[in-house]
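To keep things clear, I will list the structure first and then write my remarks on it.
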Amino acid sequence: MKKRGVNIRCINYIKLCNGLKQAPRAWFSRIEAYFISEGFQKCPNEQTLFTKRSSAGKILIVSIYMDNLIYTSNDEDMISGFKNSMMKVFDMTDLGRMRFFLGIEVLQKSNGIFICQMRYATEVLKRFGMFDSKPVSSPIVPGFKMSRDDDGVAVNMTNFKQMVGSLMYLTATRPDIMFNVSLISRYMAKPTELHLQVTKRILRYLKGTTNYGILYKKGREEELLVFTDSDYAGDIDDRKSTSGYVFLLSSGVISWLSKKQPIVTLLTTKVEFVAATACACQAIWMKRVLKKLSHEQKGCTTIMCDNSSTIKLSRIKLCTEGANTLMCDFIS
């Protein structure tokens with residue numbers, strides 16, 4: 001092949017190589033075909049989750065993240081059989097009992113399972129020179145409202161994005177900083193000294209709480225508890241609100257969200273309704289996944305909301321123009 005007098009050599013790949021854009025899809029197709037051939041069923045609501053049941057009612061659960069697999073079962077024979085089968089087909093290394101996965105520390109104790117990111121949090125503090133900082137009791141000053149700060153002193157955008165990105169990864173086990181990290185992430189396009197100081201305060205909060213995490217207690221009732229709330233017109237730049245929800249199972253948090261709503265609402269009822277709708281969608285997905293994992297939730301799941309008007313609106317069909325608009329936008 002020639003281009004402007006320069007010889008260009010082309011290589012025809014017979015097999016896919018790591019780094020090519022087609023490689024992840026090819027790998028997943030390969031591992032998925034293997035699981036199906038071994039009698040696994042893929043969860044229709046979570047594409048990387050596979051389950052296998054024995055004739056005795058035992059279950060084997062496998063979750064995939066790229067080329068990392070975690071698996072668990074209530075039957076030792078199913079675990080050993082799966083491990084031996086995988087090692088015959090794939091070049092696999094068994095790391096034993098899970099203690100560390102994708103930056104998350106897993107401590108399996110007698111009273112339950114505790115997950116945290118203590119090591120990663122310490123690395124983040126050292127990376128950004130905040131390891132020797134003075135701890136604070138809250139990630140943000142109570143009542144503080146952040147804005148674009150157009151007249152503020154600009155700071156290094158790359159460094160600010162790295163700080164926010166590192167904090168975003170910490171929210172995998174730290175729902176207590178979710179709202180604050182979501183807040184500072186809105187200003188990555190033009191960060192100023194004000195935004196940097198708010199971000200550093202979150203790091204100072206982490207300094208005193210590196211050992212924080214989530215404990216899933218053994219023997220607790222496995223009923224799904226759901227709570228939702230909103231921050232009415234919390235963004236003083238565009239007056240949009242923030243939706244938030246949290247799901248608990250076995251006394252531990254399993255899903256949480258803090259996200260700015262895409263619309264501007266005029267009433268607190270509408271704000272709470274939008275947040276509750278997002279929470280309801282997540283609840284439906286969560287119940288379907290739990291059912292696949294043999295933890296079916298009996299009956300309806302109650303969503304805890306502190307707005308009486310929103311609760312009434314969800315129970316009855318109102319014929320007002322505003323109610324009809326909400327129903328069409330967020331229910332239909």
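If you're wondering about the labels, chains in the structure tokens are A, B, ... by order shown, residues count from 1 in each chain, ligands from 1 in order shown.
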
* Just the residues within 10 Å of Phe40 in chain A, please, counting only C-alpha atoms, with nothing from its chain fewer than 5 positions along; format it as a PyMOL selection string. => chain A and resi 32-35+49-53+60-62

Selection file, C-alpha atoms, as a PDB file, in the first residue's frame:
```
ATOM      1  CA  GLU A  32     -20.710 -15.234  28.038  1.00  0.00           C
ATOM      2  CA  ALA A  33     -20.810 -18.215  25.669  1.00  0.00           C
ATOM      3  CA  TYR A  34     -18.819 -20.235  28.191  1.00  0.00           C
ATOM      4  CA  PHE A  35     -21.190 -19.429  31.038  1.00  0.00           C
ATOM      5  CA  LEU A  49     -24.293 -11.004  36.399  1.00  0.00           C
ATOM      6  CA  PHE A  50     -24.668 -14.774  35.949  1.00  0.00           C
ATOM      7  CA  THR A  51     -26.366 -17.328  38.195  1.00  0.00           C
ATOM      8  CA  LYS A  52     -26.478 -21.122  38.259  1.00  0.00           C
ATOM      9  CA  ARG A  53     -28.782 -23.290  40.357  1.00  0.00           C
ATOM     10  CA  LEU A  60     -23.711 -19.983  42.368  1.00  0.00           C
ATOM     11  CA  ILE A  61     -23.378 -16.268  41.562  1.00  0.00           C
ATOM     12  CA  VAL A  62     -20.690 -14.812  39.283  1.00  0.00           C
TER      13      VAL A  62
END
```

Counting only C-alpha atoms, give me one row per residue of range 113-135 of chain A with an atom at most 7 Å from an atom of range 202-218 of chain A, showing the shortest contact pair and its distance in Å to one decimal, sorted by chain then residue number, as a Markdown table.
```
| residue | atom | partner | partner_atom | distance |
| --- | --- | --- | --- | --- |
| A:Ile113 | CA | A:Tyr216 | CA | 5.2 |
| A:Phe114 | CA | A:Leu215 | CA | 4.3 |
| A:Ile115 | CA | A:Ile214 | CA | 5.4 |
| A:Cys116 | CA | A:Gly213 | CA | 4.3 |
| A:Met118 | CA | A:Thr210 | CA | 5.1 |
| A:Ala121 | CA | A:Thr210 | CA | 6.1 |
| A:Thr122 | CA | A:Thr210 | CA | 6.9 |
| A:Leu125 | CA | A:Leu203 | CA | 6.7 |
| A:Met130 | CA | A:Leu203 | CA | 6.8 |
| A:Phe131 | CA | A:Lys207 | CA | 6.8 |
| A:Ser133 | CA | A:Arg204 | CA | 6.2 |
| A:Lys134 | CA | A:Arg204 | CA | 6.3 |
| A:Pro135 | CA | A:Arg204 | CA | 4.8 |
```

* Asked: Could you pull the residues within 10 Å of Gly234 in chain A, counting only C-alpha atoms, minus those fewer than 3 positions along the same chain, as a list in words?
  -> Lys145, Met146, Leu183, Ser230, Asp231, Asp237, Asp238, Arg239, Lys240, Ser241, Thr242 and Lys260 of chain A

* To do: Determine which residues of range 86-307 of chain A receive a DSSP assignment of alpha helix (DSSP H), computed from the backbone, and state them as a PyMOL selection string.
  => chain A and resi 86-89+118-127+157-170+178-184+193-207+268-292

* CA of Tyr232 in chain A to CA of Lys270 in chain A: how many Å, to one decimal? ->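 Computing the Euclidean distance for CA of Tyr232 in chain A and CA of Lys270 in chain A yields 9.6 Å.
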
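Distances here use only C-alpha atoms; by that measure, the residue among A:Leu224, A:Asp91, A:Arg148, A:Asp229 closest to Ala189 in chain A is A:Arg148.
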
* For Leu170 in chain A, which residue among A:Phe247, A:Phe82, A:Tyr71, A:Tyr120 is the nearest when counting only C-alpha atoms? -> A:Tyr120

* Gap from CA of Met286 in chain A to CA of Glu76 in chain A - Å, one decimal -> 27.2 Å

* Looking at only C-alpha atoms, which of A:Ser29, A:Ser110, A:Thr228, A:Ser80 is the one that sits closest to Gly96 in chain A? ->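 Smallest separation from Gly96 in chain A among the options: A:Ser80.
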
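Of the listed residues A:Glu222, A:Glu123, A:Asp235, A:Asp67, the one whose atoms come nearest to Met92 in chain A is A:Asp67, with distances taken using only C-alpha atoms.
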
* Asked: Quick one, how far is CA of Leu267 in chain A from CA of Gly244 in chain A?
  ->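 About the pair CA of Leu267 in chain A and CA of Gly244 in chain A: they are 16.9 Å apart.
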
Residues near Ile31 in chain A, anyone? I mean within 12 Å using only C-alpha atoms, not counting same-chain ones fewer than 6 positions away, as an mmCIF file with N, CA and C atoms, in the first residue's frame.
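And here's around.cif as it stands now:
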```cif
data_model
loop_
_atom_site.group_PDB
_atom_site.id
_atom_site.type_symbol
_atom_site.label_atom_id
_atom_site.label_comp_id
_atom_site.auth_asym_id
_atom_site.auth_seq_id
_atom_site.Cartn_x
_atom_site.Cartn_y
_atom_site.Cartn_z
ATOM 1 N N PRO A 24 -12.849 -5.710 24.011
ATOM 2 C CA PRO A 24 -13.786 -5.936 25.127
ATOM 3 C C PRO A 24 -15.043 -6.693 24.715
ATOM 4 N N ARG A 25 -15.584 -6.346 23.555
ATOM 5 C CA ARG A 25 -16.798 -7.024 23.094
ATOM 6 C C ARG A 25 -16.510 -8.498 22.792
ATOM 7 N N SER A 37 -22.939 -22.189 28.197
ATOM 8 C CA SER A 37 -22.693 -23.619 27.961
ATOM 9 C C SER A 37 -22.573 -24.409 29.259
ATOM 10 N N GLU A 38 -22.212 -23.731 30.342
ATOM 11 C CA GLU A 38 -22.063 -24.390 31.640
ATOM 12 C C GLU A 38 -23.350 -24.371 32.456
ATOM 13 N N PHE A 40 -25.263 -21.597 33.150
ATOM 14 C CA PHE A 40 -25.549 -20.335 33.830
ATOM 15 C C PHE A 40 -26.664 -19.585 33.109
ATOM 16 N N LYS A 42 -27.955 -15.592 32.407
ATOM 17 C CA LYS A 42 -27.571 -14.185 32.511
ATOM 18 C C LYS A 42 -28.745 -13.374 33.028
ATOM 19 N N THR A 48 -23.755 -8.262 33.323
ATOM 20 C CA THR A 48 -22.509 -8.900 33.772
ATOM 21 C C THR A 48 -22.724 -9.814 34.971
ATOM 22 N N LEU A 49 -23.968 -10.154 35.262
ATOM 23 C CA LEU A 49 -24.293 -11.004 36.399
ATOM 24 C C LEU A 49 -24.858 -12.333 35.914
ATOM 25 N N PHE A 50 -24.252 -13.434 36.364
ATOM 26 C CA PHE A 50 -24.668 -14.774 35.949
ATOM 27 C C PHE A 50 -24.962 -15.618 37.188
ATOM 28 N N VAL A 62 -21.940 -15.315 39.855
ATOM 29 C CA VAL A 62 -20.690 -14.812 39.283
ATOM 30 C C VAL A 62 -20.931 -13.414 38.732
ATOM 31 N N SER A 63 -20.060 -12.487 39.084
ATOM 32 C CA SER A 63 -20.124 -11.124 38.563
ATOM 33 C C SER A 63 -18.820 -10.815 37.835
ATOM 34 N N ILE A 64 -18.923 -10.163 36.678
ATOM 35 C CA ILE A 64 -17.759 -9.900 35.832
ATOM 36 C C ILE A 64 -17.521 -8.404 35.721
ATOM 37 N N TYR A 65 -16.261 -8.001 35.841
ATOM 38 C CA TYR A 65 -15.848 -6.640 35.520
ATOM 39 C C TYR A 65 -14.575 -6.753 34.696
ATOM 40 N N MET A 66 -14.700 -6.546 33.384
ATOM 41 C CA MET A 66 -13.596 -6.759 32.453
ATOM 42 C C MET A 66 -13.096 -8.201 32.593
ATOM 43 N N ASP A 67 -11.828 -8.401 32.971
ATOM 44 C CA ASP A 67 -11.310 -9.759 33.140
ATOM 45 C C ASP A 67 -11.178 -10.130 34.616
ATOM 46 N N ASN A 68 -11.900 -9.402 35.466
ATOM 47 C CA ASN A 68 -11.942 -9.713 36.895
ATOM 48 C C ASN A 68 -13.287 -10.344 37.229
ATOM 49 N N LEU A 69 -13.249 -11.455 37.950
ATOM 50 C CA LEU A 69 -14.465 -12.162 38.321
ATOM 51 C C LEU A 69 -14.529 -12.326 39.834
ATOM 52 N N MET A 86 -13.156 -23.367 35.108
ATOM 53 C CA MET A 86 -12.610 -22.126 34.560
ATOM 54 C C MET A 86 -11.125 -22.263 34.262
ATOM 55 N N VAL A 89 -10.325 -23.997 30.963
ATOM 56 C CA VAL A 89 -10.662 -23.280 29.727
ATOM 57 C C VAL A 89 -9.875 -21.980 29.593
ATOM 58 N N PHE A 90 -9.667 -21.273 30.708
ATOM 59 C CA PHE A 90 -9.014 -19.963 30.676
ATOM 60 C C PHE A 90 -7.754 -19.979 31.539
#
```

* Asked: If we count only C-alpha atoms, what is near Phe160 in chain A at a cut-off of 12 Å, once residues fewer than 5 positions away on the same chain are taken out, given as a PyMOL selection string?
  -> chain A and resi 128+154-155+165-167+184-200

* Rank nothing, just name the residue among A:Ala280, A:Ala172, A:Asp94, A:Val164 nearest to Gln117 in chain A, using only C-alpha atoms. => A:Ala172

* Which residues, written as a list in words, have at least one atom at most 12 Å from Gln282 in chain A, with only C-alpha atoms counted and residues fewer than 2 positions away on the same chain left out? ->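 Here the answer would be Asn45, Leu224, Val226, Phe227, Thr228, Gly244, Tyr245, Val246, Phe247, Ile254, Ser255, Trp256, Leu257, Ala275, Ala276, Thr277, Ala278, Cys279, Ala280, Ile284, Trp285, Met286, Lys287, Arg288, Val289, Thr301 and Ile303 of chain A.
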
Mind the document's chain letters and residue numbers, and return as an mmCIF file with N, CA and C atoms, in the first residue's frame the residues of range 21-125 of chain A that DSSP labels strand (DSSP E or B).
```cif
data_model
loop_
_atom_site.group_PDB
_atom_site.id
_atom_site.type_symbol
_atom_site.label_atom_id
_atom_site.label_comp_id
_atom_site.auth_asym_id
_atom_site.auth_seq_id
_atom_site.Cartn_x
_atom_site.Cartn_y
_atom_site.Cartn_z
ATOM 1 N N GLN A 41 -27.325 -18.716 33.831
ATOM 2 C CA GLN A 41 -28.325 -17.822 33.266
ATOM 3 C C GLN A 41 -27.873 -16.385 33.469
ATOM 4 N N LYS A 42 -27.955 -15.592 32.407
ATOM 5 C CA LYS A 42 -27.571 -14.185 32.511
ATOM 6 C C LYS A 42 -28.745 -13.374 33.028
ATOM 7 N N LEU A 49 -23.968 -10.154 35.262
ATOM 8 C CA LEU A 49 -24.293 -11.004 36.399
ATOM 9 C C LEU A 49 -24.858 -12.333 35.914
ATOM 10 N N PHE A 50 -24.252 -13.434 36.364
ATOM 11 C CA PHE A 50 -24.668 -14.774 35.949
ATOM 12 C C PHE A 50 -24.962 -15.618 37.188
ATOM 13 N N THR A 51 -25.994 -16.450 37.087
ATOM 14 C CA THR A 51 -26.366 -17.328 38.195
ATOM 15 C C THR A 51 -26.561 -18.752 37.692
ATOM 16 N N LYS A 52 -26.283 -19.708 38.582
ATOM 17 C CA LYS A 52 -26.478 -21.122 38.259
ATOM 18 C C LYS A 52 -27.060 -21.820 39.482
ATOM 19 N N ARG A 53 -28.112 -22.591 39.263
ATOM 20 C CA ARG A 53 -28.782 -23.290 40.357
ATOM 21 C C ARG A 53 -28.640 -24.797 40.184
ATOM 22 N N ILE A 59 -27.215 -22.200 44.882
ATOM 23 C CA ILE A 59 -27.003 -21.186 43.855
ATOM 24 C C ILE A 59 -25.545 -20.755 43.817
ATOM 25 N N LEU A 60 -25.051 -20.517 42.604
ATOM 26 C CA LEU A 60 -23.711 -19.983 42.368
ATOM 27 C C LEU A 60 -23.868 -18.664 41.625
ATOM 28 N N ILE A 61 -23.257 -17.611 42.138
ATOM 29 C CA ILE A 61 -23.378 -16.268 41.562
ATOM 30 C C ILE A 61 -22.011 -15.803 41.093
ATOM 31 N N VAL A 62 -21.940 -15.315 39.855
ATOM 32 C CA VAL A 62 -20.690 -14.812 39.283
ATOM 33 C C VAL A 62 -20.931 -13.414 38.732
ATOM 34 N N SER A 63 -20.060 -12.487 39.084
ATOM 35 C CA SER A 63 -20.124 -11.124 38.563
ATOM 36 C C SER A 63 -18.820 -10.815 37.835
ATOM 37 N N ILE A 64 -18.923 -10.163 36.678
ATOM 38 C CA ILE A 64 -17.759 -9.900 35.832
ATOM 39 C C ILE A 64 -17.521 -8.404 35.721
ATOM 40 N N TYR A 65 -16.261 -8.001 35.841
ATOM 41 C CA TYR A 65 -15.848 -6.640 35.520
ATOM 42 C C TYR A 65 -14.575 -6.753 34.696
ATOM 43 N N ASN A 68 -11.900 -9.402 35.466
ATOM 44 C CA ASN A 68 -11.942 -9.713 36.895
ATOM 45 C C ASN A 68 -13.287 -10.344 37.229
ATOM 46 N N LEU A 69 -13.249 -11.455 37.950
ATOM 47 C CA LEU A 69 -14.465 -12.162 38.321
ATOM 48 C C LEU A 69 -14.529 -12.326 39.834
ATOM 49 N N ILE A 70 -15.713 -12.153 40.384
ATOM 50 C CA ILE A 70 -15.959 -12.507 41.773
ATOM 51 C C ILE A 70 -17.129 -13.481 41.790
ATOM 52 N N TYR A 71 -17.028 -14.487 42.623
ATOM 53 C CA TYR A 71 -18.086 -15.492 42.657
ATOM 54 C C TYR A 71 -18.320 -15.942 44.094
ATOM 55 N N THR A 72 -19.544 -16.367 44.341
ATOM 56 C CA THR A 72 -19.925 -16.831 45.666
ATOM 57 C C THR A 72 -21.020 -17.874 45.537
ATOM 58 N N SER A 73 -21.164 -18.690 46.550
ATOM 59 C CA SER A 73 -22.171 -19.745 46.522
ATOM 60 C C SER A 73 -22.447 -20.223 47.943
ATOM 61 N N PHE A 100 -9.654 -7.696 48.434
ATOM 62 C CA PHE A 100 -9.406 -6.434 47.733
ATOM 63 C C PHE A 100 -9.932 -6.577 46.314
ATOM 64 N N PHE A 101 -10.763 -5.636 45.876
ATOM 65 C CA PHE A 101 -11.337 -5.731 44.536
ATOM 66 C C PHE A 101 -11.549 -4.338 43.966
ATOM 67 N N ILE A 104 -11.344 -1.505 46.294
ATOM 68 C CA ILE A 104 -12.236 -1.598 47.452
ATOM 69 C C ILE A 104 -11.750 -2.713 48.372
ATOM 70 N N GLU A 105 -11.554 -2.392 49.635
ATOM 71 C CA GLU A 105 -11.136 -3.375 50.625
ATOM 72 C C GLU A 105 -12.362 -4.097 51.175
ATOM 73 N N VAL A 106 -12.283 -5.412 51.247
ATOM 74 C CA VAL A 106 -13.393 -6.243 51.723
ATOM 75 C C VAL A 106 -12.928 -7.019 52.947
ATOM 76 N N LEU A 107 -13.543 -6.742 54.085
ATOM 77 C CA LEU A 107 -13.207 -7.424 55.334
ATOM 78 C C LEU A 107 -14.380 -8.309 55.727
ATOM 79 N N GLN A 108 -14.178 -9.624 55.656
ATOM 80 C CA GLN A 108 -15.231 -10.575 55.997
ATOM 81 C C GLN A 108 -15.070 -10.971 57.462
ATOM 82 N N LYS A 109 -15.957 -10.424 58.286
ATOM 83 C CA LYS A 109 -15.886 -10.633 59.726
ATOM 84 C C LYS A 109 -16.971 -11.598 60.188
ATOM 85 N N GLY A 112 -20.403 -9.869 59.916
ATOM 86 C CA GLY A 112 -20.842 -9.385 58.617
ATOM 87 C C GLY A 112 -19.675 -9.055 57.702
ATOM 88 N N ILE A 113 -19.970 -8.321 56.644
ATOM 89 C CA ILE A 113 -18.964 -7.933 55.652
ATOM 90 C C ILE A 113 -18.831 -6.414 55.647
ATOM 91 N N PHE A 114 -17.598 -5.941 55.768
ATOM 92 C CA PHE A 114 -17.313 -4.507 55.804
ATOM 93 C C PHE A 114 -16.490 -4.138 54.579
ATOM 94 N N ILE A 115 -16.938 -3.128 53.841
ATOM 95 C CA ILE A 115 -16.194 -2.648 52.678
ATOM 96 C C ILE A 115 -15.790 -1.199 52.906
ATOM 97 N N CYS A 116 -14.591 -0.852 52.451
ATOM 98 C CA CYS A 116 -14.096 0.513 52.608
ATOM 99 C C CYS A 116 -13.016 0.765 51.559
#
```
